[in-house]
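What follows is a single structure, written as structure tokens, with notes after it.
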Amino acid sequence: MKSKFDLDGIGMTSQRTRDRLIARLREQGISDEQVLETMRTTPRHIFIEEALAHKAYEDTALPIGFNQTISQPFVVAKMTQLVLQGAHDSVLEIGTGSGYQTAILSKLSRRVYSIERHETLKKKAEQLLTRNGFKNVINILGDGTLGIQKQAPFDRIILTAAAEDIPQILLQQLRVGGIMVLPIGLPQSDQTLIKLEKTSSKIIFDEIAKVRFLPLVEG
Ligand code: SAH
């Protein structure tokens with residue numbers, strides 16, 4: 001049967017390469033079946049310009065214009081698996097970029113707020129998400145380090161750009177019992193992917209892996 005995502009005519013080929021990517025993610029330690037299934041059934045090629053679409057199911061980051069990239073599928077899987085553990089409703093994402101990570105979060109959450117500072121990227125991602133039926137996403141243009149005061153607190157917060165320190169406003173906007181996943185470190189160097197959990201008395205940190213992200217730009 002044709003899924004609504006196969007209307008581009010490369011449906012079958014892309015499904016095979018998608019399955020291969022999922023097998024690879026599994027081999028590399030992604031174990032959450034819901035995350036794997038969501039990535040298997042969510043097209044990545046629609047978030048990439050046509051000239052690069054043939055590389056959409058390779059496990060690699062790709063340029064999306066404006067010196068930004070769509071994250072590597074392994075990193076998307078890993079971050080999604082970490083941040084969406086347990087029951088949650090609202091997710092705040094900083095750095096919409098192409099909108100691919102947003103799409104994955106959207107399928108696994110009740111509501112996703114996604115902030116992007118680059119107007120063209122925000123508009124493009126919003127259009128793609130709307131056209132492809134991701135109805136529970138709210139796209140916002142602005143500085144993600146400020147979060148969204150009027151929608152706080154959030155159950156989950158994910159940053160897909162590297163901060164030098166944990167943005168304190170975002171920490172305040174995380175619900176007690178909530179999880180935040182973010183890369184911390186300087187631009188142009190290895191950063192550390194951190195998972196933090198906010199309890200009523202403290203913040204529990206977990207260092208997950210070395211990663212490379214583009215920098216979080218304030219303002
Ligand atoms: N998850 C995205 C990754 C995009 S790269 C994807 O897979 O497509 C990081 C994005 O963060 C870029 O689009 C960049 O413009 C955005 N960004 C950087 N600093 C930001 C900030 N302060 N607020 C919102 N978005 C920001």
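Identifiers in this document derive from the order of the structure tokens: chains are assigned A, B, ..., residues are numbered from 1 separately in each chain, and ligands are numbered from 1 in order of occurrence.
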query = Residues at most 9 Å from range 49-52 of chain A, counting only C-alpha atoms, excluding those fewer than 5 positions away in the same chain, as a list in words?
reply =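 Residues near the query, excluding close chain neighbours: Leu62, Pro63 and Ile64 of chain A.
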Collect all residues with atoms no farther than 6 Å from ligand 1, counting only C-alpha atoms and all ligand atoms, and output them as an mmCIF file with N, CA and C atoms, in the first residue's frame.
```
data_model
loop_
_atom_site.group_PDB
_atom_site.id
_atom_site.type_symbol
_atom_site.label_atom_id
_atom_site.label_comp_id
_atom_site.auth_asym_id
_atom_site.auth_seq_id
_atom_site.Cartn_x
_atom_site.Cartn_y
_atom_site.Cartn_z
ATOM 1 N N GLN A 68 24.032 25.619 7.959
ATOM 2 C CA GLN A 68 23.463 24.715 8.968
ATOM 3 C C GLN A 68 23.352 23.319 8.375
ATOM 4 N N THR A 69 23.144 22.327 9.247
ATOM 5 C CA THR A 69 23.028 20.952 8.763
ATOM 6 C C THR A 69 21.833 20.246 9.399
ATOM 7 N N ILE A 70 21.323 19.247 8.682
ATOM 8 C CA ILE A 70 20.362 18.318 9.275
ATOM 9 C C ILE A 70 21.211 17.298 10.027
ATOM 10 N N SER A 71 20.848 17.016 11.272
ATOM 11 C CA SER A 71 21.685 16.146 12.111
ATOM 12 C C SER A 71 21.763 14.726 11.550
ATOM 13 N N ILE A 94 14.941 23.345 20.661
ATOM 14 C CA ILE A 94 15.653 24.555 20.252
ATOM 15 C C ILE A 94 16.522 24.219 19.048
ATOM 16 N N GLY A 95 16.279 24.900 17.932
ATOM 17 C CA GLY A 95 17.054 24.647 16.716
ATOM 18 C C GLY A 95 16.290 23.742 15.762
ATOM 19 N N THR A 96 15.198 24.253 15.197
ATOM 20 C CA THR A 96 14.354 23.450 14.283
ATOM 21 C C THR A 96 15.140 22.969 13.072
ATOM 22 N N GLY A 97 15.975 23.845 12.513
ATOM 23 C CA GLY A 97 16.746 23.496 11.320
ATOM 24 C C GLY A 97 15.832 23.012 10.209
ATOM 25 N N SER A 98 16.080 21.802 9.732
ATOM 26 C CA SER A 98 15.272 21.235 8.643
ATOM 27 C C SER A 98 13.877 20.836 9.087
ATOM 28 N N GLY A 99 13.715 20.560 10.381
ATOM 29 C CA GLY A 99 12.428 20.081 10.885
ATOM 30 C C GLY A 99 12.355 18.566 11.020
ATOM 31 N N TYR A 100 13.428 17.868 10.675
ATOM 32 C CA TYR A 100 13.384 16.393 10.732
ATOM 33 C C TYR A 100 13.303 15.879 12.174
ATOM 34 N N GLN A 101 14.169 16.399 13.033
ATOM 35 C CA GLN A 101 14.104 15.987 14.450
ATOM 36 C C GLN A 101 12.728 16.357 15.029
ATOM 37 N N ILE A 115 11.682 26.070 18.313
ATOM 38 C CA ILE A 115 12.140 27.444 18.082
ATOM 39 C C ILE A 115 13.340 27.448 17.137
ATOM 40 N N GLU A 116 13.292 28.317 16.140
ATOM 41 C CA GLU A 116 14.402 28.478 15.203
ATOM 42 C C GLU A 116 14.662 29.969 15.052
ATOM 43 N N ARG A 117 15.943 30.358 15.034
ATOM 44 C CA ARG A 117 16.246 31.793 14.934
ATOM 45 C C ARG A 117 16.360 32.283 13.495
ATOM 46 N N HIS A 118 16.498 31.333 12.559
ATOM 47 C CA HIS A 118 16.672 31.707 11.162
ATOM 48 C C HIS A 118 15.315 31.681 10.452
ATOM 49 N N GLY A 142 12.610 32.768 16.779
ATOM 50 C CA GLY A 142 13.157 33.538 17.895
ATOM 51 C C GLY A 142 14.408 32.923 18.468
ATOM 52 N N ASP A 143 14.836 33.489 19.578
ATOM 53 C CA ASP A 143 16.025 33.001 20.272
ATOM 54 C C ASP A 143 15.611 31.921 21.266
ATOM 55 N N GLY A 144 15.981 30.696 20.943
ATOM 56 C CA GLY A 144 15.589 29.556 21.765
ATOM 57 C C GLY A 144 16.131 29.590 23.185
ATOM 58 N N THR A 145 17.223 30.311 23.411
ATOM 59 C CA THR A 145 17.783 30.328 24.767
ATOM 60 C C THR A 145 16.822 31.008 25.752
ATOM 61 N N THR A 160 19.383 21.232 19.740
ATOM 62 C CA THR A 160 20.149 20.605 18.667
ATOM 63 C C THR A 160 21.208 21.577 18.142
ATOM 64 N N ALA A 161 21.645 22.475 19.007
ATOM 65 C CA ALA A 161 22.794 23.340 18.742
ATOM 66 C C ALA A 161 23.560 23.411 20.060
ATOM 67 N N LEU A 214 26.631 22.412 15.571
ATOM 68 C CA LEU A 214 26.845 23.829 15.295
ATOM 69 C C LEU A 214 26.468 24.614 16.548
ATOM 70 N N LEU A 216 24.950 27.198 19.325
ATOM 71 C CA LEU A 216 23.739 27.927 19.680
ATOM 72 C C LEU A 216 24.118 29.402 19.642
ATOM 73 N N VAL A 217 23.361 30.173 18.866
ATOM 74 C CA VAL A 217 23.678 31.595 18.722
ATOM 75 C C VAL A 217 22.611 32.391 19.460
ATOM 76 N N GLU A 218 23.036 33.222 20.391
ATOM 77 C CA GLU A 218 22.043 33.996 21.156
ATOM 78 C C GLU A 218 21.568 35.202 20.372
#
```
task = Quote the spacing between CA of Lys107 in chain A and CA of Ile138 in chain A in Å to one decimal place.
result = 13.4 Å
message = Show me, as an MDAnalysis selection string, the residues that have an atom within 10 Å of Asp89 in chain A when counting only C-alpha atoms, minus same-chain residues fewer than 4 positions from it.
response = chainID A and resid 84 108:112 154:156
Could you write those residues out with C-alpha atoms, as a compact mmCIF listing (two decimals), in the first residue's frame?
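The result, stored in selection13.txt:
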```
# COMPACT_ATOMS: atom_id res chain seq x y z
CA LEU A 84 11.57 11.00 25.47
CA LEU A 108 6.15 10.49 19.88
CA SER A 109 4.71 13.39 21.90
CA ARG A 110 1.44 15.18 22.46
CA ARG A 111 2.77 18.64 21.60
CA VAL A 112 6.08 19.99 20.29
CA PHE A 154 7.94 21.78 29.66
CA ASP A 155 8.21 18.06 30.35
CA ARG A 156 11.14 17.68 27.98
```
task = Tell me which of A:Gln72, A:Ile179, A:Thr192, A:Leu141 sits closest to Ala163 in chain A, counting only C-alpha atoms.
result =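 Under the stated criterion, the closest residue is A:Thr192.
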query = CA of Ser200 in chain A and CA of Ile158 in chain A, how far apart in Å?
reply =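 Separation between CA of Ile158 in chain A and CA of Ser200 in chain A: 20.1 Å.
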Excluding Leu21 in chain A and any residue of its chain fewer than 4 positions from it, enumerate the residues within 8 Å of it, using only C-alpha atoms, and give them as an mmCIF file with N, CA and C atoms, in the first residue's frame.
```cif
data_model
loop_
_atom_site.group_PDB
_atom_site.id
_atom_site.type_symbol
_atom_site.label_atom_id
_atom_site.label_comp_id
_atom_site.auth_asym_id
_atom_site.auth_seq_id
_atom_site.Cartn_x
_atom_site.Cartn_y
_atom_site.Cartn_z
ATOM 1 N N THR A 17 16.229 1.525 1.612
ATOM 2 C CA THR A 17 17.399 2.195 2.201
ATOM 3 C C THR A 17 17.095 2.636 3.629
ATOM 4 N N LEU A 25 21.280 1.596 12.876
ATOM 5 C CA LEU A 25 21.058 2.292 14.158
ATOM 6 C C LEU A 25 20.948 1.267 15.291
ATOM 7 N N TYR A 57 19.245 8.606 3.457
ATOM 8 C CA TYR A 57 19.212 7.468 4.397
ATOM 9 C C TYR A 57 20.600 6.929 4.700
ATOM 10 N N GLU A 58 21.606 7.759 4.410
ATOM 11 C CA GLU A 58 22.951 7.460 4.902
ATOM 12 C C GLU A 58 23.047 8.073 6.286
ATOM 13 N N ASP A 59 23.895 7.459 7.132
ATOM 14 C CA ASP A 59 23.972 7.949 8.506
ATOM 15 C C ASP A 59 24.931 9.129 8.591
#
```
query = Please, which residues of range 32-175 of chain A, numbered as in this document, come out alpha helix (DSSP H) from DSSP, as a ChimeraX atom specification?
reply = /A:33-41,73-83,100-107,119-131,168-172
Output the selection as a CSV table (one decimal), in the first residue's frame - N, CA and C atoms for each residue.
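part_30.csv, written as the output of this step:
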```csv
chain,number,residue,atom,x,y,z
A,33,GLU,N,12.3,0.6,20.6
A,33,GLU,CA,11.6,0.2,19.4
A,33,GLU,C,10.7,1.2,18.8
A,34,GLN,N,10.1,2.1,19.7
A,34,GLN,CA,9.3,3.1,19.2
A,34,GLN,C,10.0,4.2,18.4
A,35,VAL,N,11.3,4.5,18.9
A,35,VAL,CA,12.1,5.4,18.2
A,35,VAL,C,12.5,4.8,16.8
A,36,LEU,N,12.9,3.6,16.8
A,36,LEU,CA,13.3,2.9,15.6
A,36,LEU,C,12.2,2.9,14.6
A,37,GLU,N,11.0,2.5,15.0
A,37,GLU,CA,9.8,2.4,14.1
A,37,GLU,C,9.5,3.8,13.6
A,38,THR,N,9.6,4.8,14.5
A,38,THR,CA,9.2,6.2,14.0
A,38,THR,C,10.2,6.6,12.9
A,39,MET,N,11.5,6.3,13.1
A,39,MET,CA,12.5,6.7,12.1
A,39,MET,C,12.4,5.9,10.8
A,40,ARG,N,11.9,4.6,11.0
A,40,ARG,CA,11.7,3.8,9.8
A,40,ARG,C,10.5,4.4,8.9
A,41,THR,N,9.5,4.9,9.6
A,41,THR,CA,8.3,5.3,8.8
A,41,THR,C,8.3,6.8,8.6
A,73,PRO,N,21.4,10.9,11.4
A,73,PRO,CA,20.3,10.0,12.0
A,73,PRO,C,20.6,9.4,13.3
A,74,PHE,N,21.9,8.9,13.5
A,74,PHE,CA,22.2,8.2,14.8
A,74,PHE,C,22.0,9.2,15.9
A,75,VAL,N,22.5,10.4,15.7
A,75,VAL,CA,22.4,11.5,16.8
A,75,VAL,C,20.9,11.8,17.1
A,76,VAL,N,20.1,11.9,16.0
A,76,VAL,CA,18.7,12.1,16.2
A,76,VAL,C,18.0,11.0,17.0
A,77,ALA,N,18.4,9.7,16.7
A,77,ALA,CA,17.8,8.6,17.4
A,77,ALA,C,18.3,8.6,18.8
A,78,LYS,N,19.6,8.8,19.0
A,78,LYS,CA,20.1,8.8,20.4
A,78,LYS,C,19.5,9.8,21.3
A,79,MET,N,19.4,11.1,20.7
A,79,MET,CA,18.8,12.2,21.5
A,79,MET,C,17.3,11.9,21.8
A,80,THR,N,16.6,11.4,20.8
A,80,THR,CA,15.2,11.2,21.0
A,80,THR,C,15.0,10.1,22.0
A,81,GLN,N,15.8,9.0,22.0
A,81,GLN,CA,15.7,7.9,22.9
A,81,GLN,C,16.0,8.4,24.3
A,82,LEU,N,16.9,9.3,24.5
A,82,LEU,CA,17.3,9.9,25.8
A,82,LEU,C,16.2,10.8,26.3
A,83,VAL,N,15.7,11.7,25.5
A,83,VAL,CA,14.9,12.8,26.0
A,83,VAL,C,13.4,12.4,26.2
A,100,TYR,N,13.4,17.9,10.7
A,100,TYR,CA,13.4,16.4,10.7
A,100,TYR,C,13.3,15.9,12.2
A,101,GLN,N,14.2,16.4,13.0
A,101,GLN,CA,14.1,16.0,14.5
A,101,GLN,C,12.7,16.4,15.0
A,102,THR,N,12.2,17.5,14.6
A,102,THR,CA,10.9,17.9,15.1
A,102,THR,C,9.8,16.9,14.7
A,103,ALA,N,9.9,16.4,13.5
A,103,ALA,CA,8.9,15.4,13.0
A,103,ALA,C,9.0,14.2,13.8
A,104,ILE,N,10.2,13.7,14.2
A,104,ILE,CA,10.3,12.5,15.0
A,104,ILE,C,9.7,12.7,16.4
A,105,LEU,N,10.0,13.9,17.0
A,105,LEU,CA,9.5,14.2,18.3
A,105,LEU,C,8.0,14.3,18.2
A,106,SER,N,7.5,14.9,17.1
A,106,SER,CA,6.0,15.1,17.0
A,106,SER,C,5.2,13.8,17.0
A,107,LYS,N,5.8,12.8,16.4
A,107,LYS,CA,5.1,11.5,16.4
A,107,LYS,C,5.1,10.8,17.7
A,119,GLU,N,14.9,32.8,10.0
A,119,GLU,CA,13.5,32.9,9.5
A,119,GLU,C,13.2,32.0,8.3
A,120,THR,N,14.1,31.9,7.3
A,120,THR,CA,13.9,31.1,6.2
A,120,THR,C,13.8,29.6,6.6
A,121,LEU,N,14.7,29.2,7.4
A,121,LEU,CA,14.6,27.8,7.9
A,121,LEU,C,13.3,27.5,8.7
A,122,LYS,N,12.9,28.4,9.5
A,122,LYS,CA,11.7,28.3,10.3
A,122,LYS,C,10.5,28.1,9.3
A,123,LYS,N,10.4,29.0,8.3
A,123,LYS,CA,9.3,29.0,7.4
A,123,LYS,C,9.2,27.7,6.6
A,124,LYS,N,10.4,27.2,6.1
A,124,LYS,CA,10.5,26.0,5.3
A,124,LYS,C,10.1,24.8,6.1
A,125,ALA,N,10.6,24.7,7.3
A,125,ALA,CA,10.3,23.6,8.2
A,125,ALA,C,8.8,23.6,8.5
A,126,GLU,N,8.3,24.7,8.9
A,126,GLU,CA,6.9,24.8,9.2
A,126,GLU,C,6.0,24.3,8.1
A,127,GLN,N,6.3,24.8,6.9
A,127,GLN,CA,5.5,24.4,5.7
A,127,GLN,C,5.6,22.9,5.5
A,128,LEU,N,6.8,22.3,5.6
A,128,LEU,CA,7.0,20.9,5.4
A,128,LEU,C,6.2,20.1,6.4
A,129,LEU,N,6.3,20.5,7.7
A,129,LEU,CA,5.6,19.8,8.7
A,129,LEU,C,4.1,19.9,8.6
A,130,THR,N,3.6,21.1,8.2
A,130,THR,CA,2.1,21.2,8.1
A,130,THR,C,1.7,20.4,6.9
A,131,ARG,N,2.4,20.5,5.8
A,131,ARG,CA,1.9,19.7,4.6
A,131,ARG,C,1.9,18.2,4.8
A,168,GLN,N,20.2,28.9,31.6
A,168,GLN,CA,19.5,28.9,32.8
A,168,GLN,C,18.0,29.1,32.7
A,169,ILE,N,17.6,29.9,31.7
A,169,ILE,CA,16.2,30.2,31.5
A,169,ILE,C,15.5,28.9,31.1
A,170,LEU,N,16.2,28.1,30.3
A,170,LEU,CA,15.6,26.8,29.9
A,170,LEU,C,15.5,25.8,31.1
A,171,LEU,N,16.5,25.9,31.9
A,171,LEU,CA,16.5,25.0,33.1
A,171,LEU,C,15.3,25.4,34.0
A,172,GLN,N,15.0,26.7,34.1
A,172,GLN,CA,13.9,27.2,34.9
A,172,GLN,C,12.6,26.7,34.2
```
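The space between CA of Ile46 in chain A and CA of Arg16 in chain A spans 16.1 Å.
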request  = Pick out the closest residue to Lys202 in chain A from this set: A:Ala87, A:Val176, A:Val137, A:Ile48. Count only C-alpha atoms.
outcome  = A:Val176
